[in-house]
file target37.tsv (TSV, C-alpha atoms (C1' of nucleotides))
chain	number	residue	atom	x	y	z
J	106	MET	CA	0.00	0.00	0.00
J	107	PRO	CA	2.32	2.79	1.10
J	108	ASP	CA	5.90	3.39	0.14
J	109	PHE	CA	7.25	3.08	3.65
J	110	GLU	CA	10.32	0.87	3.52
J	111	LEU	CA	12.09	-0.69	6.47
J	112	GLN	CA	15.28	0.77	5.05
J	113	ASN	CA	13.88	4.20	5.63
J	114	PHE	CA	12.95	3.58	9.24
J	115	LEU	CA	15.77	5.23	11.11
J	116	PRO	CA	15.72	3.08	14.27
J	117	TYR	CA	15.93	-0.03	12.11
J	118	LEU	CA	18.77	1.29	10.05
J	119	LEU	CA	20.61	2.46	13.14
J	120	ASN	CA	20.24	-0.93	14.72
J	121	GLN	CA	21.57	-2.65	11.64
J	122	ALA	CA	24.53	-0.32	11.48
J	123	ALA	CA	25.18	-0.56	15.21
J	124	GLU	CA	25.09	-4.31	15.21
J	125	SER	CA	27.19	-4.67	12.14
J	126	SER	CA	29.82	-2.22	13.34
J	127	SER	CA	29.99	-3.65	16.85
J	128	MET	CA	30.51	-7.20	15.81
J	129	ALA	CA	34.20	-7.32	14.98
J	130	PHE	CA	35.29	-5.39	18.02
J	131	ARG	CA	33.03	-7.38	20.26
J	132	THR	CA	34.73	-10.54	19.07
J	133	TYR	CA	38.03	-9.00	20.06
J	134	TYR	CA	37.24	-8.24	23.69
J	135	ARG	CA	35.11	-11.33	24.10
J	136	ASP	CA	37.66	-13.80	22.81
J	137	LYS	CA	40.72	-12.16	24.28
J	138	TYR	CA	39.39	-11.12	27.69
J	139	GLY	CA	36.05	-12.86	28.07
J	140	MET	CA	34.36	-9.51	28.48
J	141	LEU	CA	30.86	-8.32	27.78
J	142	ARG	CA	30.13	-4.92	26.30
J	143	THR	CA	29.29	-3.27	29.60
J	144	GLU	CA	32.54	-4.55	31.08
J	145	TRP	CA	34.57	-3.01	28.31
J	146	GLN	CA	32.67	0.23	28.73
J	147	VAL	CA	33.28	0.37	32.46
J	148	LEU	CA	36.93	-0.47	31.99
J	149	PHE	CA	37.32	2.22	29.38
J	150	HIS	CA	35.71	4.84	31.56
J	151	LEU	CA	38.03	4.16	34.45
J	152	TRP	CA	41.04	4.15	32.22
J	153	ARG	CA	40.14	7.23	30.24
J	154	TYR	CA	38.60	9.42	32.92
J	155	GLY	CA	40.23	8.10	36.09
J	156	ASP	CA	38.94	6.47	39.27
J	157	MET	CA	35.28	6.99	39.97
J	158	THR	CA	32.33	5.33	41.65
J	159	ALA	CA	29.84	3.03	39.98
J	160	ARG	CA	27.35	5.85	40.19
J	161	ASP	CA	29.60	8.13	38.20
J	162	ILE	CA	29.92	5.51	35.51
J	163	CYS	CA	26.16	5.12	35.38
J	164	ASP	CA	25.81	8.83	34.75
J	165	ARG	CA	28.62	9.26	32.27
J	166	ALA	CA	27.77	6.21	30.20
J	167	SER	CA	24.01	6.31	30.71
J	168	LEU	CA	24.00	2.76	31.93
J	169	HIS	CA	21.60	1.32	34.46
J	170	LYS	CA	23.10	0.66	37.88
J	171	THR	CA	22.43	-3.06	37.76
J	172	LYS	CA	24.39	-3.31	34.55
J	173	VAL	CA	27.31	-1.46	36.05
J	174	SER	CA	27.11	-3.44	39.27
J	175	ARG	CA	27.42	-6.69	37.40
J	176	ALA	CA	30.17	-5.45	35.14
J	177	VAL	CA	32.18	-4.24	38.13
J	178	ALA	CA	31.76	-7.60	39.84
J	179	ALA	CA	32.92	-9.40	36.70
J	180	LEU	CA	35.93	-7.13	36.28
J	181	GLU	CA	36.83	-7.66	39.92
J	182	VAL	CA	36.84	-11.41	39.41
J	183	LYS	CA	39.15	-10.87	36.46
J	184	ARG	CA	41.35	-8.81	38.80
J	185	MET	CA	41.10	-5.81	36.52
J	186	LEU	CA	39.80	-3.39	39.13
J	187	GLU	CA	39.50	-3.06	42.86
J	188	ARG	CA	37.02	-1.32	45.10
J	189	ARG	CA	38.11	1.13	47.73
J	190	GLU	CA	35.78	1.96	50.58
J	191	MET	CA	35.14	5.64	51.10
J	192	PRO	CA	35.09	6.34	54.83
J	193	ALA	CA	33.33	9.65	54.23
J	194	ASP	CA	30.28	7.86	52.86
J	195	ARG	CA	30.40	4.15	53.20
J	196	ARG	CA	27.70	3.62	50.62
J	197	ASN	CA	29.87	4.31	47.66
J	198	GLU	CA	33.12	2.68	46.67
J	199	MET	CA	35.81	4.22	44.54
J	200	LEU	CA	36.74	1.96	41.65
J	201	ALA	CA	40.34	1.78	40.51
J	202	LEU	CA	42.06	-0.21	37.81
J	203	THR	CA	44.72	-2.72	38.72
J	204	ARG	CA	47.86	-3.17	36.65
J	205	ILE	CA	46.13	-5.98	34.79
J	206	GLY	CA	43.13	-3.75	34.16
J	207	ARG	CA	45.33	-0.97	32.87
J	208	LYS	CA	47.12	-3.27	30.46
J	209	ALA	CA	43.87	-4.64	29.13
J	210	SER	CA	42.46	-1.12	28.79
J	211	GLU	CA	45.45	0.03	26.83
J	212	ASP	CA	45.27	-2.92	24.52
J	213	LEU	CA	41.53	-2.60	23.97
J	214	SER	CA	41.61	1.14	23.50
J	215	ARG	CA	44.36	0.87	20.96
J	216	ALA	CA	42.41	-1.81	19.12
J	217	ALA	CA	39.26	0.31	19.29
J	218	GLU	CA	41.06	3.26	17.83
J	219	VAL	CA	42.46	1.27	14.95
J	220	TYR	CA	39.12	-0.34	14.25
J	221	ASN	CA	37.41	3.02	14.41
J	222	ALA	CA	39.84	4.43	11.88
J	223	GLN	CA	39.04	1.57	9.53
J	224	LEU	CA	35.35	2.25	9.84
J	225	LEU	CA	35.73	5.96	9.29
J	226	ALA	CA	37.88	5.35	6.25
J	227	MET	CA	34.64	4.50	4.45
J	228	PHE	CA	33.68	8.17	4.49
J	229	SER	CA	34.81	11.53	3.28
J	230	ALA	CA	35.68	14.20	5.84
J	231	PRO	CA	32.41	16.10	5.47
J	232	GLU	CA	30.46	12.85	5.68
J	233	ARG	CA	32.25	11.97	8.89
J	234	THR	CA	31.40	15.31	10.41
J	235	ILE	CA	27.75	15.14	9.52
J	236	LEU	CA	27.41	11.53	10.54
J	237	HIS	CA	28.98	12.19	13.91
J	238	ASN	CA	26.84	15.20	14.43
J	239	CYS	CA	23.59	13.52	13.52
J	240	LEU	CA	24.30	10.53	15.72
J	241	LEU	CA	25.03	12.71	18.71
J	242	ARG	CA	21.80	14.56	18.20
J	243	ILE	CA	19.81	11.37	17.88
J	244	ALA	CA	21.46	9.89	20.95
J	245	ASP	CA	20.43	12.72	23.17
J	246	GLN	CA	17.26	14.01	21.61
J	247	ALA	CA	15.40	10.95	20.42
J	248	ARG	CA	14.53	10.09	24.01
J	249	SER	CA	12.26	13.09	24.25
J	250	ILE	CA	10.04	12.12	21.31
J	251	ARG	CA	6.76	10.47	22.16
J	252	THR	CA	4.66	8.14	20.08
E	262	MET	CA	46.92	9.49	27.89
E	263	PRO	CA	45.44	9.69	24.38
E	264	ASP	CA	42.59	11.80	23.13
E	265	PHE	CA	40.43	8.88	22.17
E	266	GLU	CA	36.94	9.58	23.44
E	267	LEU	CA	34.11	7.11	23.66
E	268	GLN	CA	32.01	9.68	21.80
E	269	ASN	CA	34.29	9.23	18.83
E	270	PHE	CA	34.03	5.47	18.76
E	271	LEU	CA	31.53	4.85	16.01
E	272	PRO	CA	30.10	1.55	17.26
E	273	TYR	CA	29.44	3.11	20.65
E	274	LEU	CA	27.80	6.15	19.16
E	275	LEU	CA	25.71	4.04	16.84
E	276	ASN	CA	24.56	1.91	19.72
E	277	GLN	CA	23.57	4.93	21.74
E	278	ALA	CA	21.67	6.41	18.83
E	279	ALA	CA	20.05	3.09	17.97
E	280	GLU	CA	18.93	2.46	21.51
E	281	SER	CA	17.72	5.96	22.06
E	282	SER	CA	15.79	6.07	18.81
E	283	SER	CA	14.28	2.61	19.24
E	284	MET	CA	12.97	3.18	22.72
E	285	ALA	CA	9.77	5.12	22.13
E	286	PHE	CA	8.58	2.95	19.28
E	287	ARG	CA	9.45	-0.23	21.14
E	288	THR	CA	7.25	0.94	23.97
E	289	TYR	CA	4.45	1.34	21.50
E	290	TYR	CA	4.45	-2.17	20.05
E	291	ARG	CA	5.34	-3.77	23.38
E	292	ASP	CA	2.59	-2.13	25.41
E	293	LYS	CA	-0.09	-2.20	22.79
E	294	TYR	CA	0.50	-5.63	21.25
E	295	GLY	CA	2.94	-7.39	23.57
E	296	MET	CA	5.37	-7.77	20.71
E	297	LEU	CA	9.12	-8.07	20.57
E	298	ARG	CA	11.22	-6.39	17.95
E	299	THR	CA	11.56	-9.47	15.77
E	300	GLU	CA	7.82	-9.99	15.85
E	301	TRP	CA	7.19	-6.50	14.62
E	302	GLN	CA	9.80	-6.98	11.93
E	303	VAL	CA	8.24	-10.22	10.71
E	304	LEU	CA	4.80	-8.67	10.77
E	305	PHE	CA	5.99	-5.68	8.83
E	306	HIS	CA	7.64	-7.83	6.20
E	307	LEU	CA	4.51	-9.83	5.55
E	308	TRP	CA	2.40	-6.75	5.43
E	309	ARG	CA	4.69	-4.71	3.25
E	310	TYR	CA	5.98	-7.35	0.86
E	311	GLY	CA	3.19	-9.91	0.91
E	312	ASP	CA	2.99	-13.57	1.94
E	313	MET	CA	6.28	-15.38	2.11
E	314	THR	CA	7.99	-18.22	3.91
E	315	ALA	CA	10.06	-17.89	7.08
E	316	ARG	CA	13.11	-18.48	4.94
E	317	ASP	CA	12.31	-15.47	2.80
E	318	ILE	CA	11.99	-13.32	5.89
E	319	CYS	CA	15.35	-14.52	7.15
E	320	ASP	CA	16.96	-13.45	3.92
E	321	ARG	CA	15.23	-10.14	3.50
E	322	ALA	CA	15.66	-9.01	7.09
E	323	SER	CA	18.99	-10.73	7.77
E	324	LEU	CA	17.54	-12.47	10.78
E	325	HIS	CA	18.57	-15.87	12.05
E	326	LYS	CA	16.08	-18.63	11.41
E	327	THR	CA	15.58	-19.37	15.10
E	328	LYS	CA	14.60	-15.78	15.74
E	329	VAL	CA	12.10	-15.87	12.92
E	330	SER	CA	10.81	-19.25	14.00
E	331	ARG	CA	10.10	-17.93	17.47
E	332	ALA	CA	8.57	-14.71	16.21
E	333	VAL	CA	6.27	-16.61	13.88
E	334	ALA	CA	5.17	-18.90	16.70
E	335	ALA	CA	4.44	-15.89	18.91
E	336	LEU	CA	2.50	-14.11	16.17
E	337	GLU	CA	0.53	-17.27	15.54
E	338	VAL	CA	-0.46	-17.40	19.20
E	339	LYS	CA	-1.60	-13.81	18.89
E	340	ARG	CA	-3.64	-14.90	15.86
E	341	MET	CA	-1.89	-12.37	13.67
E	342	LEU	CA	-0.71	-14.81	11.05
E	343	GLU	CA	-1.38	-18.32	9.86
E	344	ARG	CA	0.75	-20.93	8.20
E	345	ARG	CA	-0.28	-22.56	4.97
E	346	GLU	CA	1.25	-25.82	3.93
E	347	MET	CA	2.73	-25.88	0.47
E	348	PRO	CA	1.84	-29.20	-1.17
E	349	ALA	CA	4.59	-28.68	-3.73
E	350	ASP	CA	7.25	-28.81	-1.02
E	351	ARG	CA	5.97	-29.72	2.38
E	352	ARG	CA	9.07	-28.41	4.14
E	353	ASN	CA	8.14	-24.79	3.82
E	354	GLU	CA	5.01	-23.05	4.92
E	355	MET	CA	3.67	-19.88	3.42
E	356	LEU	CA	2.97	-17.28	6.07
E	357	ALA	CA	-0.03	-15.04	5.70
E	358	LEU	CA	-1.44	-12.31	7.88
E	359	THR	CA	-4.87	-12.68	9.39
E	360	ARG	CA	-7.26	-9.80	9.62
E	361	ILE	CA	-6.01	-9.11	13.12
E	362	GLY	CA	-2.44	-9.16	11.87
E	363	ARG	CA	-3.27	-6.78	9.08
E	364	LYS	CA	-4.93	-4.33	11.42
E	365	ALA	CA	-1.99	-4.39	13.78
E	366	SER	CA	0.45	-3.98	10.90
E	367	GLU	CA	-1.40	-1.00	9.60
E	368	ASP	CA	-1.48	0.62	12.98
E	369	LEU	CA	2.17	-0.08	13.69
E	370	SER	CA	3.36	1.00	10.29
E	371	ARG	CA	1.45	4.21	10.51
E	372	ALA	CA	2.94	4.86	13.95
E	373	ALA	CA	6.41	3.98	12.66
E	374	GLU	CA	6.08	6.40	9.80
E	375	VAL	CA	4.96	9.24	12.04
E	376	TYR	CA	7.69	8.53	14.53
E	377	ASN	CA	10.25	8.35	11.77
E	378	ALA	CA	9.15	11.71	10.45
E	379	GLN	CA	9.60	13.20	13.89
E	380	LEU	CA	13.11	11.82	14.09
E	381	LEU	CA	14.05	13.04	10.65
E	382	ALA	CA	12.70	16.47	11.44
E	383	MET	CA	15.85	16.98	13.48
E	384	PHE	CA	17.87	17.20	10.28
E	385	SER	CA	18.21	19.22	7.14
E	386	ALA	CA	17.59	17.52	3.80
E	387	PRO	CA	21.29	17.11	2.95
E	388	GLU	CA	21.98	15.78	6.42
E	389	ARG	CA	19.24	13.23	6.01
E	390	THR	CA	20.66	12.06	2.73
E	391	ILE	CA	24.18	11.69	4.04
E	392	LEU	CA	23.06	10.05	7.26
E	393	HIS	CA	20.98	7.52	5.41
E	394	ASN	CA	23.77	6.82	3.01
E	395	CYS	CA	26.42	6.37	5.65
E	396	LEU	CA	24.24	4.07	7.71
E	397	LEU	CA	23.51	1.86	4.76
E	398	ARG	CA	27.20	1.60	3.99
E	399	ILE	CA	28.05	0.75	7.58
E	400	ALA	CA	25.30	-1.82	7.77
E	401	ASP	CA	26.59	-3.76	4.84
E	402	GLN	CA	30.29	-3.12	4.83
E	403	ALA	CA	31.35	-3.08	8.48
E	404	ARG	CA	30.96	-6.84	8.59
E	405	SER	CA	33.95	-7.27	6.35
E	406	ILE	CA	36.40	-5.37	8.56
E	407	ARG	CA	38.68	-7.48	10.75
E	408	THR	CA	40.36	-6.51	13.99
D	146	DA	C1'	16.12	12.20	68.62
D	147	DG	C1'	13.03	9.64	65.48
D	148	DG	C1'	10.48	8.75	61.51
D	149	DT	C1'	10.55	9.20	56.43
D	150	DA	C1'	12.87	9.68	52.14
D	151	DT	C1'	17.02	9.09	49.18
D	152	DT	C1'	20.98	7.13	47.48
D	153	DA	C1'	24.52	3.38	46.31
D	154	DG	C1'	24.72	-0.85	45.17
D	155	DT	C1'	23.24	-6.00	45.00
D	156	DT	C1'	20.31	-10.01	44.26
D	157	DC	C1'	16.76	-12.77	42.42
D	158	DA	C1'	13.32	-14.20	39.12
D	159	DT	C1'	12.09	-13.87	34.49
D	160	DT	C1'	12.69	-12.92	29.69
D	161	DT	C1'	15.40	-12.95	25.66
D	162	DT	C1'	19.11	-14.46	22.92
D	163	DG	C1'	22.46	-17.47	20.81
D	164	DT	C1'	24.24	-21.95	19.47
D	165	DA	C1'	24.11	-26.37	18.32
D	166	DA	C1'	21.75	-30.40	17.66
D	167	DC	C1'	17.66	-32.27	15.86
D	168	DT	C1'	13.51	-33.77	12.62
D	169	DA	C1'	11.31	-33.97	8.40
D	170	DA	C1'	11.08	-33.40	3.52
D	171	DC	C1'	13.21	-33.28	-0.66
D	172	DA	C1'	17.24	-33.69	-4.25
D	173	DA	C1'	20.82	-35.97	-6.67
D	174	DC	C1'	23.58	-39.42	-8.11
D	175	DG	C1'	25.32	-43.95	-8.44
H	139	DC	C1'	15.77	-47.81	-5.28
H	140	DG	C1'	19.20	-46.43	-1.56
H	141	DT	C1'	22.58	-43.76	0.32
H	142	DT	C1'	24.33	-39.21	0.90
H	143	DG	C1'	23.64	-34.30	1.00
H	144	DT	C1'	20.85	-30.20	1.50
H	145	DT	C1'	17.11	-27.25	2.99
H	146	DA	C1'	13.15	-25.59	6.16
H	147	DG	C1'	12.07	-25.20	10.41
H	148	DT	C1'	11.99	-26.54	15.56
H	149	DT	C1'	13.72	-27.60	20.03
H	150	DA	C1'	16.73	-27.81	23.90
H	151	DC	C1'	20.12	-25.90	26.62
H	152	DA	C1'	23.40	-22.37	27.93
H	153	DA	C1'	24.62	-17.41	28.06
H	154	DA	C1'	23.02	-12.83	28.59
H	155	DA	C1'	19.90	-8.98	29.47
H	156	DT	C1'	16.18	-6.99	32.21
H	157	DG	C1'	13.47	-5.26	36.03
H	158	DA	C1'	11.72	-5.28	40.45
H	159	DA	C1'	12.52	-5.96	45.06
H	160	DC	C1'	15.95	-5.83	48.47
H	161	DT	C1'	19.94	-4.09	51.95
H	162	DA	C1'	22.60	-0.76	53.95
H	163	DA	C1'	24.09	3.88	54.70
H	164	DT	C1'	23.03	8.62	54.84
H	165	DA	C1'	20.11	12.86	54.52
H	166	DC	C1'	16.18	15.50	55.70
H	167	DC	C1'	12.64	17.36	58.42
H	168	DT	C1'	9.91	18.44	62.48

call {"tool": "encode", "arguments": {"input": "target37.tsv", "output": "structure tokens"}}
result
Amino acid sequence: MPDFELQNFLPYLLNQAAESSSMAFRTYYRDKYGMLRTEWQVLFHLWRYGDMTARDICDRASLHKTKVSRAVAALEVKRMLERREMPADRRNEMLALTRIGRKASEDLSRAAEVYNAQLLAMFSAPERTILHNCLLRIADQARSIRT
Amino acid sequence: MPDFELQNFLPYLLNQAAESSSMAFRTYYRDKYGMLRTEWQVLFHLWRYGDMTARDICDRASLHKTKVSRAVAALEVKRMLERREMPADRRNEMLALTRIGRKASEDLSRAAEVYNAQLLAMFSAPERTILHNCLLRIADQARSIRT
DNA sequence: AGGTATTAGTTCATTTTGTAACTAACAACG
DNA sequence: CGTTGTTAGTTACAAAATGAACTAATACCT
């Protein structure tokens, strides 16, 4: 009846692109470190932005606290981070990378950067700019649209 | 150490955008019809492109056969589609929407179109073109990049 | 102080997904 | 025919994601 194609439905297209582009890198951190996506994200945050609490990570990465909680637990088992009690407020714990965690972070971040460069090589400079821009806008504005 | 930001990592950004943009519409088909994403995709395919087998849907939507199998079973329970045996080759069954399925498809597709228009309203015409283009390229080329 | 509300974080039950093994029907080739 | 291979689709089991209810510590308010 209408001319509405799935290919034109932005959420669908974004999901396809997201899945497709995540795959190769996911294989990397999964096979090499047995990590899940949230774990890699938490690790990266600590490495890139320094020690912080789980709460901080929730905010910065817009991840739900249960996700972060589980990722932290998993990374602790892998001896990649440790928790430090904060006497000032014993509810929150400062998270800090161990040497092992730092090494893994460095390796993964380097790999991510290389992989990212390969992806971006598909586009011209102006395309890259616009793409980046549009995605940022979608990421933080789409939430406010109602059906 | 480096200036590599998570915001610049394309897979991350794509995931954020995909999740953010999928949310509102997902709520719609979940709350109103108790559907999962794959179910809505299957439904849409049948509605938009006519009766076909599960196999056809797998190919067209690049979905794994188990996902489609489960979605078809769920849609059958909801009385939105029915299976028709093909005497020519009794391995495959033609899937066809019921009246209920057609009504739901129409409603969902209309909602999807409206929602899509709202999303796209964030961008200028040239931005839309480039965004669409880039996403399509990522969706079908990223797979071939190795880490 | 004492009751109520918040906040950080965890746990548990359920849903969803992914993977591999399975059945059933057909094809192809000697 | 009959054995081997292939295709459509399902099922069974493990891995992962989700959400609500929970604990513990602190803040707030009168």

call {"tool": "residues_around", "arguments": {"input": "target37.tsv", "residues": "D:DC171", "least_positions_apart": "5", "cutoff": "10 Å", "atoms": "only C-alpha atoms (C1' of nucleotides)", "output": "JSON, numbers by chain"}}
result
{"E": [350, 351, 352], "H": [144, 145]}

call {"tool": "residues_around", "arguments": {"input": "target37.tsv", "residues": "stretch 205-210 of chain J", "least_positions_apart": "5", "cutoff": "7 Å", "atoms": "all atoms listed in the file", "output": "number ranges by chain"}}
result
J: 148-149, 152, 184-186

call {"tool": "write_last_selection", "arguments": {"input": "target37.tsv", "atoms": "C-alpha atoms", "output": "tab-separated table (two decimals), in the coordinates of the input"}}
result
chain	number	residue	atom	x	y	z
J	148	LEU	CA	36.93	-0.47	31.99
J	149	PHE	CA	37.32	2.22	29.38
J	152	TRP	CA	41.04	4.15	32.22
J	184	ARG	CA	41.35	-8.81	38.80
J	185	MET	CA	41.10	-5.81	36.52
J	186	LEU	CA	39.80	-3.39	39.13

call {"tool": "residues_around", "arguments": {"input": "target37.tsv", "residues": "D:DA150", "least_positions_apart": "5", "cutoff": "10 Å", "atoms": "only C-alpha atoms (C1' of nucleotides)", "output": "PDB file with C-alpha atoms (C1' of nucleotides), keeping the file's coordinate frame"}}
result
ATOM      1  C1'  DA H 165      20.110  12.860  54.520  1.00  0.00           C
ATOM      2  C1'  DC H 166      16.180  15.500  55.700  1.00  0.00           C
ATOM      3  C1'  DC H 167      12.640  17.360  58.420  1.00  0.00           C
TER       4       DC H 167
END

call {"tool": "atom_distance", "arguments": {"input": "target37.tsv", "atom1": "atom CA of E:Met284", "atom2": "atom CA of E:Thr359"}}
result
27.3 Å

call {"tool": "residues_around", "arguments": {"input": "target37.tsv", "residues": "H:DA159", "least_positions_apart": "4", "cutoff": "12 Å", "atoms": "all atoms listed in the file", "output": "tab-separated table (two decimals) with C-alpha atoms (C1' of nucleotides), keeping the file's coordinate frame"}}
result
chain	number	residue	atom	x	y	z
D	155	DT	C1'	23.24	-6.00	45.00
D	156	DT	C1'	20.31	-10.01	44.26
D	157	DC	C1'	16.76	-12.77	42.42
D	158	DA	C1'	13.32	-14.20	39.12

call {"tool": "interface_residues", "arguments": {"input": "target37.tsv", "of": "chain D", "to": "chain E", "cutoff": "9 Å", "atoms": "only C-alpha atoms (C1' of nucleotides)", "output": "ChimeraX atom specification"}}
result
/D:162,169-171

call {"tool": "interface_residues", "arguments": {"input": "target37.tsv", "of": "chain H", "to": "chain E", "cutoff": "9 Å", "atoms": "only C-alpha atoms (C1' of nucleotides)", "output": "number ranges by chain"}}
result
H: 145-148

call {"tool": "interface_residues", "arguments": {"input": "target37.tsv", "of": "chain J", "to": "chain E", "cutoff": "7 Å", "atoms": "only C-alpha atoms", "output": "number ranges by chain"}}
result
J: 114-116, 118-123, 125-127, 129-130, 133, 220-221, 224, 232, 235-236, 240, 243-244, 247-248, 251-252

call {"tool": "atom_distance", "arguments": {"input": "target37.tsv", "atom1": "atom CA of E:Gly311", "atom2": "atom CA of E:Ala357"}}
result
7.7 Å

call {"tool": "atom_distance", "arguments": {"input": "target37.tsv", "atom1": "atom C1' of H:DT156", "atom2": "atom C1' of D:DT151"}}
result
23.4 Å

call {"tool": "closest_residue", "arguments": {"input": "target37.tsv", "among": "H:DT149, H:DT168, H:DT141, H:DT161", "to": "D:DA165", "atoms": "all atoms listed in the file"}}
result
H:DT149

call {"tool": "closest_residue", "arguments": {"input": "target37.tsv", "among": "E:Met355, E:Ala349, E:Thr390, E:Ala382", "to": "E:Ile318", "atoms": "only C-alpha atoms"}}
result
E:Met355

call {"tool": "decode", "arguments": {"input": "target37.tsv", "residues": "stretch 272-287 of chain E", "atoms": "N, CA and C atoms", "output": "PDB file, in the first residue's frame"}}
result
ATOM      1  N   PRO E 272      31.047   2.570  16.792  1.00  0.00           N
ATOM      2  CA  PRO E 272      30.099   1.548  17.260  1.00  0.00           C
ATOM      3  C   PRO E 272      29.363   1.980  18.527  1.00  0.00           C
ATOM      4  N   TYR E 273      30.065   2.629  19.414  1.00  0.00           N
ATOM      5  CA  TYR E 273      29.441   3.113  20.648  1.00  0.00           C
ATOM      6  C   TYR E 273      28.361   4.139  20.336  1.00  0.00           C
ATOM      7  N   LEU E 274      28.735   5.088  19.523  1.00  0.00           N
ATOM      8  CA  LEU E 274      27.804   6.155  19.164  1.00  0.00           C
ATOM      9  C   LEU E 274      26.576   5.599  18.446  1.00  0.00           C
ATOM     10  N   LEU E 275      26.824   4.663  17.554  1.00  0.00           N
ATOM     11  CA  LEU E 275      25.714   4.039  16.836  1.00  0.00           C
ATOM     12  C   LEU E 275      24.791   3.301  17.791  1.00  0.00           C
ATOM     13  N   ASN E 276      25.384   2.614  18.744  1.00  0.00           N
ATOM     14  CA  ASN E 276      24.557   1.911  19.716  1.00  0.00           C
ATOM     15  C   ASN E 276      23.721   2.867  20.543  1.00  0.00           C
ATOM     16  N   GLN E 277      24.311   3.953  20.958  1.00  0.00           N
ATOM     17  CA  GLN E 277      23.565   4.930  21.737  1.00  0.00           C
ATOM     18  C   GLN E 277      22.393   5.472  20.926  1.00  0.00           C
ATOM     19  N   ALA E 278      22.704   5.835  19.695  1.00  0.00           N
ATOM     20  CA  ALA E 278      21.675   6.405  18.827  1.00  0.00           C
ATOM     21  C   ALA E 278      20.584   5.379  18.540  1.00  0.00           C
ATOM     22  N   ALA E 279      21.009   4.144  18.292  1.00  0.00           N
ATOM     23  CA  ALA E 279      20.047   3.088  17.971  1.00  0.00           C
ATOM     24  C   ALA E 279      19.127   2.846  19.160  1.00  0.00           C
ATOM     25  N   GLU E 280      19.717   2.730  20.319  1.00  0.00           N
ATOM     26  CA  GLU E 280      18.932   2.456  21.509  1.00  0.00           C
ATOM     27  C   GLU E 280      17.967   3.600  21.787  1.00  0.00           C
ATOM     28  N   SER E 281      18.518   4.785  21.762  1.00  0.00           N
ATOM     29  CA  SER E 281      17.718   5.958  22.058  1.00  0.00           C
ATOM     30  C   SER E 281      16.552   6.111  21.083  1.00  0.00           C
ATOM     31  N   SER E 282      16.839   5.862  19.804  1.00  0.00           N
ATOM     32  CA  SER E 282      15.793   6.066  18.809  1.00  0.00           C
ATOM     33  C   SER E 282      14.791   4.915  18.769  1.00  0.00           C
ATOM     34  N   SER E 283      15.189   3.757  19.282  1.00  0.00           N
ATOM     35  CA  SER E 283      14.278   2.613  19.239  1.00  0.00           C
ATOM     36  C   SER E 283      13.288   2.623  20.388  1.00  0.00           C
ATOM     37  N   MET E 284      13.709   3.252  21.459  1.00  0.00           N
ATOM     38  CA  MET E 284      12.966   3.177  22.718  1.00  0.00           C
ATOM     39  C   MET E 284      11.480   3.488  22.596  1.00  0.00           C
ATOM     40  N   ALA E 285      11.160   4.684  22.132  1.00  0.00           N
ATOM     41  CA  ALA E 285       9.766   5.120  22.128  1.00  0.00           C
ATOM     42  C   ALA E 285       8.892   4.187  21.292  1.00  0.00           C
ATOM     43  N   PHE E 286       9.403   3.793  20.137  1.00  0.00           N
ATOM     44  CA  PHE E 286       8.584   2.946  19.281  1.00  0.00           C
ATOM     45  C   PHE E 286       8.432   1.548  19.868  1.00  0.00           C
ATOM     46  N   ARG E 287       9.493   1.067  20.476  1.00  0.00           N
ATOM     47  CA  ARG E 287       9.454  -0.232  21.141  1.00  0.00           C
ATOM     48  C   ARG E 287       8.354  -0.243  22.207  1.00  0.00           C
TER      49      ARG E 287
END
